[in-house]
$ cat structure-v3.cif   # mmCIF, C-alpha atoms
data_upload
#
loop_
_atom_site.group_PDB
_atom_site.id
_atom_site.type_symbol
_atom_site.label_atom_id
_atom_site.label_comp_id
_atom_site.auth_asym_id
_atom_site.auth_seq_id
_atom_site.Cartn_x
_atom_site.Cartn_y
_atom_site.Cartn_z
ATOM 1 C CA MET R 1 87.128 102.336 116.739
ATOM 2 C CA ALA R 2 87.320 102.644 120.520
ATOM 3 C CA ASP R 3 89.022 99.325 121.320
ATOM 4 C CA ILE R 4 92.747 99.898 120.844
ATOM 5 C CA HIS R 5 93.546 96.198 121.281
ATOM 6 C CA ILE R 6 91.382 95.417 118.247
ATOM 7 C CA GLU R 7 93.120 98.122 116.195
ATOM 8 C CA GLU R 8 96.476 96.627 117.223
ATOM 9 C CA PHE R 9 95.200 93.159 116.289
ATOM 10 C CA TYR R 10 94.277 94.338 112.780
ATOM 11 C CA LYS R 11 97.616 96.120 112.353
ATOM 12 C CA ASP R 12 99.649 93.133 113.615
ATOM 13 C CA ALA R 13 97.704 90.733 111.405
ATOM 14 C CA ALA R 14 98.116 93.018 108.379
ATOM 15 C CA ILE R 15 101.876 93.363 108.876
ATOM 16 C CA ALA R 16 102.304 89.607 109.335
ATOM 17 C CA LEU R 17 100.247 88.767 106.248
ATOM 18 C CA VAL R 18 102.129 91.298 104.105
ATOM 19 C CA GLN R 19 105.480 89.926 105.310
ATOM 20 C CA LEU R 20 104.404 86.391 104.441
ATOM 21 C CA TYR R 21 102.968 87.446 101.081
ATOM 22 C CA ASN R 22 106.233 89.219 100.231
ATOM 23 C CA ALA R 23 108.175 86.020 100.958
ATOM 24 C CA PHE R 24 105.663 83.577 99.422
ATOM 25 C CA PRO R 25 106.148 80.656 98.817
ATOM 26 C CA ARG R 26 109.297 80.600 100.946
ATOM 27 C CA ARG R 27 108.953 79.721 104.600
ATOM 28 C CA VAL R 28 110.273 82.466 106.880
ATOM 29 C CA ASN R 29 110.614 83.132 110.573
ATOM 30 C CA LEU R 30 107.982 85.630 111.665
ATOM 31 C CA PHE R 31 109.339 87.652 114.602
ATOM 32 C CA VAL R 32 106.992 89.450 116.994
ATOM 33 C CA GLU R 33 109.589 92.213 117.410
ATOM 34 C CA ASP R 34 109.469 92.958 113.673
ATOM 35 C CA ILE R 35 105.710 93.417 113.890
ATOM 36 C CA ALA R 36 105.002 95.013 117.284
ATOM 37 C CA GLY R 37 108.360 96.612 118.033
ATOM 38 C CA ALA R 38 111.092 95.906 120.526
ATOM 39 C CA ASP R 39 110.178 94.417 123.899
ATOM 40 C CA GLU R 40 112.257 93.836 127.004
ATOM 41 C CA PRO R 41 111.030 91.010 129.224
ATOM 42 C CA ASP R 42 110.657 91.999 132.859
ATOM 43 C CA GLU R 43 112.806 90.694 135.717
ATOM 44 C CA PHE R 44 110.830 87.437 135.649
ATOM 45 C CA GLY R 45 111.339 86.959 131.911
ATOM 46 C CA LEU R 46 107.739 87.847 131.049
ATOM 47 C CA HIS R 47 106.951 89.855 127.941
ATOM 48 C CA SER R 48 104.721 92.934 127.865
ATOM 49 C CA LYS R 49 100.985 92.646 127.180
ATOM 50 C CA ARG R 50 101.592 94.282 123.793
ATOM 51 C CA HIS R 51 104.192 91.665 122.804
ATOM 52 C CA MET R 52 101.950 88.818 123.952
ATOM 53 C CA ALA R 53 98.959 90.278 122.092
ATOM 54 C CA CYS R 54 100.983 90.281 118.869
ATOM 55 C CA PHE R 55 102.181 86.719 119.495
ATOM 56 C CA GLY R 56 98.563 85.751 120.149
ATOM 57 C CA THR R 57 97.553 87.346 116.847
ATOM 58 C CA LEU R 58 100.077 85.190 114.986
ATOM 59 C CA LEU R 59 98.823 82.038 116.698
ATOM 60 C CA TRP R 60 95.224 83.022 115.975
ATOM 61 C CA LEU R 61 95.998 83.543 112.272
ATOM 62 C CA ALA R 62 97.377 79.991 112.209
ATOM 63 C CA GLU R 63 94.385 78.566 114.087
ATOM 64 C CA GLU R 64 92.049 80.266 111.601
ATOM 65 C CA GLY R 65 93.871 78.744 108.634
ATOM 66 C CA LEU R 66 95.577 81.846 107.251
ATOM 67 C CA LEU R 67 99.147 80.736 107.914
ATOM 68 C CA ARG R 68 101.087 77.594 108.782
ATOM 69 C CA TYR R 69 104.278 77.252 110.793
ATOM 70 C CA VAL R 70 106.563 74.449 111.972
ATOM 71 C CA ASP R 71 107.100 75.544 115.576
ATOM 72 C CA THR R 72 107.289 78.547 117.860
ATOM 73 C CA ILE R 73 110.604 80.043 118.894
ATOM 74 C CA ARG R 74 109.755 80.605 122.556
ATOM 75 C CA GLN R 75 107.281 83.508 122.501
ATOM 76 C CA GLU R 76 109.511 85.413 120.092
ATOM 77 C CA ALA R 77 108.547 84.097 116.662
ATOM 78 C CA LEU R 78 106.886 81.509 114.475
ATOM 79 C CA ASP R 79 109.440 79.226 112.837
ATOM 80 C CA GLN R 80 109.113 78.571 109.091
ATOM 81 C CA ALA R 81 105.802 80.352 108.611
ATOM 82 C CA VAL R 82 104.030 80.503 105.245
ATOM 83 C CA LEU R 83 100.638 81.669 103.990
ATOM 84 C CA THR R 84 98.015 79.028 103.438
ATOM 85 C CA GLN R 85 96.468 78.632 100.013
ATOM 86 C CA ARG R 86 93.294 80.295 101.313
ATOM 87 C CA ALA R 87 95.146 83.427 102.499
ATOM 88 C CA PHE R 88 97.287 83.632 99.361
ATOM 89 C CA VAL R 89 94.256 83.426 97.068
ATOM 90 C CA ARG R 90 92.341 85.999 99.126
ATOM 91 C CA LEU R 91 95.245 88.473 99.186
ATOM 92 C CA SER R 92 95.829 88.010 95.438
ATOM 93 C CA SER R 93 92.170 88.436 94.508
ATOM 94 C CA PRO R 94 90.566 91.704 93.391
ATOM 95 C CA ALA R 95 89.252 93.940 96.142
ATOM 96 C CA SER R 96 85.724 95.314 96.020
ATOM 97 C CA PRO R 97 85.293 98.528 94.006
ATOM 98 C CA ASP R 98 84.256 100.528 97.086
ATOM 99 C CA LEU R 99 87.425 99.474 98.922
ATOM 100 C CA LEU R 100 89.512 100.440 95.889
ATOM 101 C CA GLU R 101 87.845 103.857 95.647
ATOM 102 C CA GLU R 102 88.524 104.495 99.313
ATOM 103 C CA ASN R 103 92.206 103.557 98.983
ATOM 104 C CA HIS R 104 93.068 105.315 95.713
ATOM 105 C CA SER R 105 92.931 109.038 95.215
ATOM 106 C CA ASP R 106 93.305 108.562 91.459
ATOM 107 C CA SER R 107 91.481 105.885 89.543
ATOM 108 C CA GLY R 108 94.574 104.674 87.688
ATOM 109 C CA GLN R 109 92.732 104.592 84.358
ATOM 110 C CA ASP R 110 95.877 105.827 82.578
ATOM 111 C CA LEU R 111 97.903 102.832 83.818
ATOM 112 C CA PRO R 112 98.536 99.705 81.731
ATOM 113 C CA PRO R 113 95.957 96.942 82.356
ATOM 114 C CA ALA R 114 98.472 94.629 84.109
ATOM 115 C CA ILE R 115 99.448 97.370 86.580
ATOM 116 C CA ARG R 116 95.801 98.316 87.114
ATOM 117 C CA GLU R 117 95.068 94.653 87.877
ATOM 118 C CA ASP R 118 97.918 94.471 90.419
ATOM 119 C CA PHE R 119 96.720 97.679 92.067
ATOM 120 C CA SER R 120 93.215 96.237 92.436
ATOM 121 C CA THR R 121 94.192 93.335 94.715
ATOM 122 C CA HIS R 122 93.612 92.983 98.434
ATOM 123 C CA ILE R 123 97.364 92.873 99.087
ATOM 124 C CA HIS R 124 97.805 96.236 97.382
ATOM 125 C CA THR R 125 95.005 97.838 99.409
ATOM 126 C CA LEU R 126 96.495 96.336 102.570
ATOM 127 C CA ARG R 127 99.956 97.734 101.763
ATOM 128 C CA ASN R 128 98.423 101.168 101.096
ATOM 129 C CA ALA R 129 96.538 101.075 104.380
ATOM 130 C CA LEU R 130 99.712 100.183 106.289
ATOM 131 C CA ARG R 131 101.629 102.981 104.527
ATOM 132 C CA SER R 132 98.919 105.444 105.507
ATOM 133 C CA GLY R 133 99.407 104.643 109.184
ATOM 134 C CA SER R 134 95.673 105.100 109.762
ATOM 135 C CA SER R 135 94.308 102.563 112.239
ATOM 136 C CA ALA R 136 90.802 103.105 110.896
ATOM 137 C CA LYS R 137 91.901 102.422 107.307
ATOM 138 C CA ILE R 138 93.879 99.312 108.310
ATOM 139 C CA SER R 139 90.868 98.013 110.235
ATOM 140 C CA ARG R 140 88.497 98.623 107.294
ATOM 141 C CA VAL R 141 90.798 96.888 104.815
ATOM 142 C CA MET R 142 91.371 93.881 107.102
ATOM 143 C CA GLN R 143 87.631 93.552 107.737
ATOM 144 C CA ALA R 144 86.841 93.792 104.032
ATOM 145 C CA THR R 145 89.589 91.339 103.112
ATOM 146 C CA PHE R 146 89.018 88.617 105.684
ATOM 147 C CA PHE R 147 85.799 89.150 107.609
ATOM 148 C CA HIS R 148 83.105 90.485 105.232
ATOM 149 C CA ASP R 149 81.307 89.046 102.212
ATOM 150 C CA ARG R 150 82.683 85.584 102.812
ATOM 151 C CA SER R 151 80.877 82.573 101.424
ATOM 152 C CA ASP R 152 82.464 80.243 103.999
ATOM 153 C CA HIS R 153 80.745 81.875 107.009
#
$ encode --input "structure-v3.cif" --output "structure tokens"
Amino acid sequence: MADIHIEEFYKDAAIALVQLYNAFPRRVNLFVEDIAGADEPDEFGLHSKRHMACFGTLLWLAEEGLLRYVDTIRQEALDQAVLTQRAFVRLSSPASPDLLEENHSDSGQDLPPAIREDFSTHIHTLRNALRSGSSAKISRVMQATFFHDRSDH
């Protein structure tokens, strides 16, 4: 993918969704710094483009109905953020077989059925993609999870 801002968008969105899934159903503060890294505002108090892009990603996720929050904490965080039902169900649902094959070197057939079921979810494939550090893999998993094969489009 040639557009680095889109790769960063997918990575920021993935990190935010995993953080919220890990805390679900608790409401948590979602800090831009925890997602995009440390940022020092300039002499005028303005954040970097990278920081603002991550903050924009969080706001976009809320506008698209994937998370809710009570308020913003300046441009630093979302206060009391939580996944929506739609995002929780999507992340908890089984991923497509082709996405699973791409993200698992071993089929996991020797694992107990409950573990195999957990490993087949979108959240598991998203965590694996983030662990890999591959922008291309993160982008593919995010697209497959939230932007492809959707009946509500």
$ resolve_selection --input "structure-v3.cif" --expression "the PyMOL selection byres ((chain R and resi 123) around 8)" --output "list of chain:residue names"
R:Val18, R:Leu91, R:Ser92, R:Thr121, R:His122, R:His124, R:Thr125, R:Leu126, R:Arg127
$ resolve_selection --input "structure-v3.cif" --expression "the PyMOL selection byres ((chain R and resi 14) around 8)" --output "PyMOL selection string"
chain R and resi 10-13+15-18+126+130+138+142
$ resolve_selection --input "structure-v3.cif" --expression "the PyMOL selection byres ((chain R and resi 94) around 6)" --output "number ranges by chain"
R: 93, 95, 120-121
$ write_last_selection --input "structure-v3.cif" --atoms "C-alpha atoms" --output "short mmCIF file (atom, residue, chain, number, x, y, z; two decimals), in the frame of the given file"
data_model
loop_
_atom_site.label_atom_id
_atom_site.label_comp_id
_atom_site.auth_asym_id
_atom_site.auth_seq_id
_atom_site.Cartn_x
_atom_site.Cartn_y
_atom_site.Cartn_z
CA SER R 93 92.17 88.44 94.51
CA ALA R 95 89.25 93.94 96.14
CA SER R 120 93.22 96.24 92.44
CA THR R 121 94.19 93.34 94.72
#
$ closest_atom_pairs --input "structure-v3.cif" --of "stretch 31-69 of chain R" --to "stretch 85-90 of chain R" --cutoff "9 Å" --atoms "all atoms listed in the file" --output "CSV"
residue,atom,partner,partner_atom,distance
R:Gly65,CA,R:Arg86,CA,7.5
R:Leu66,CA,R:Ala87,CA,5.0
R:Leu67,CA,R:Ala87,CA,7.3
$ closest_residue --input "structure-v3.cif" --among "R:Leu61, R:Val32, R:Ile6, R:Ala77" --to "R:Arg140" --atoms "all atoms listed in the file"
R:Ile6
$ atom_distance --input "structure-v3.cif" --atom1 "atom CA of R:His5" --atom2 "atom CA of R:Gln80"
26.5 Å
$ atom_distance --input "structure-v3.cif" --atom1 "atom CA of R:Asp34" --atom2 "atom CA of R:Ala136"
21.4 Å
$ closest_residue --input "structure-v3.cif" --among "R:Ile4, R:Asn29, R:Thr72, R:Met52" --to "R:Ser135" --atoms "all atoms listed in the file"
R:Ile4
$ closest_residue --input "structure-v3.cif" --among "R:Ser48, R:Gln75, R:Thr84, R:Asn128" --to "R:Arg26" --atoms "all atoms listed in the file"
R:Thr84
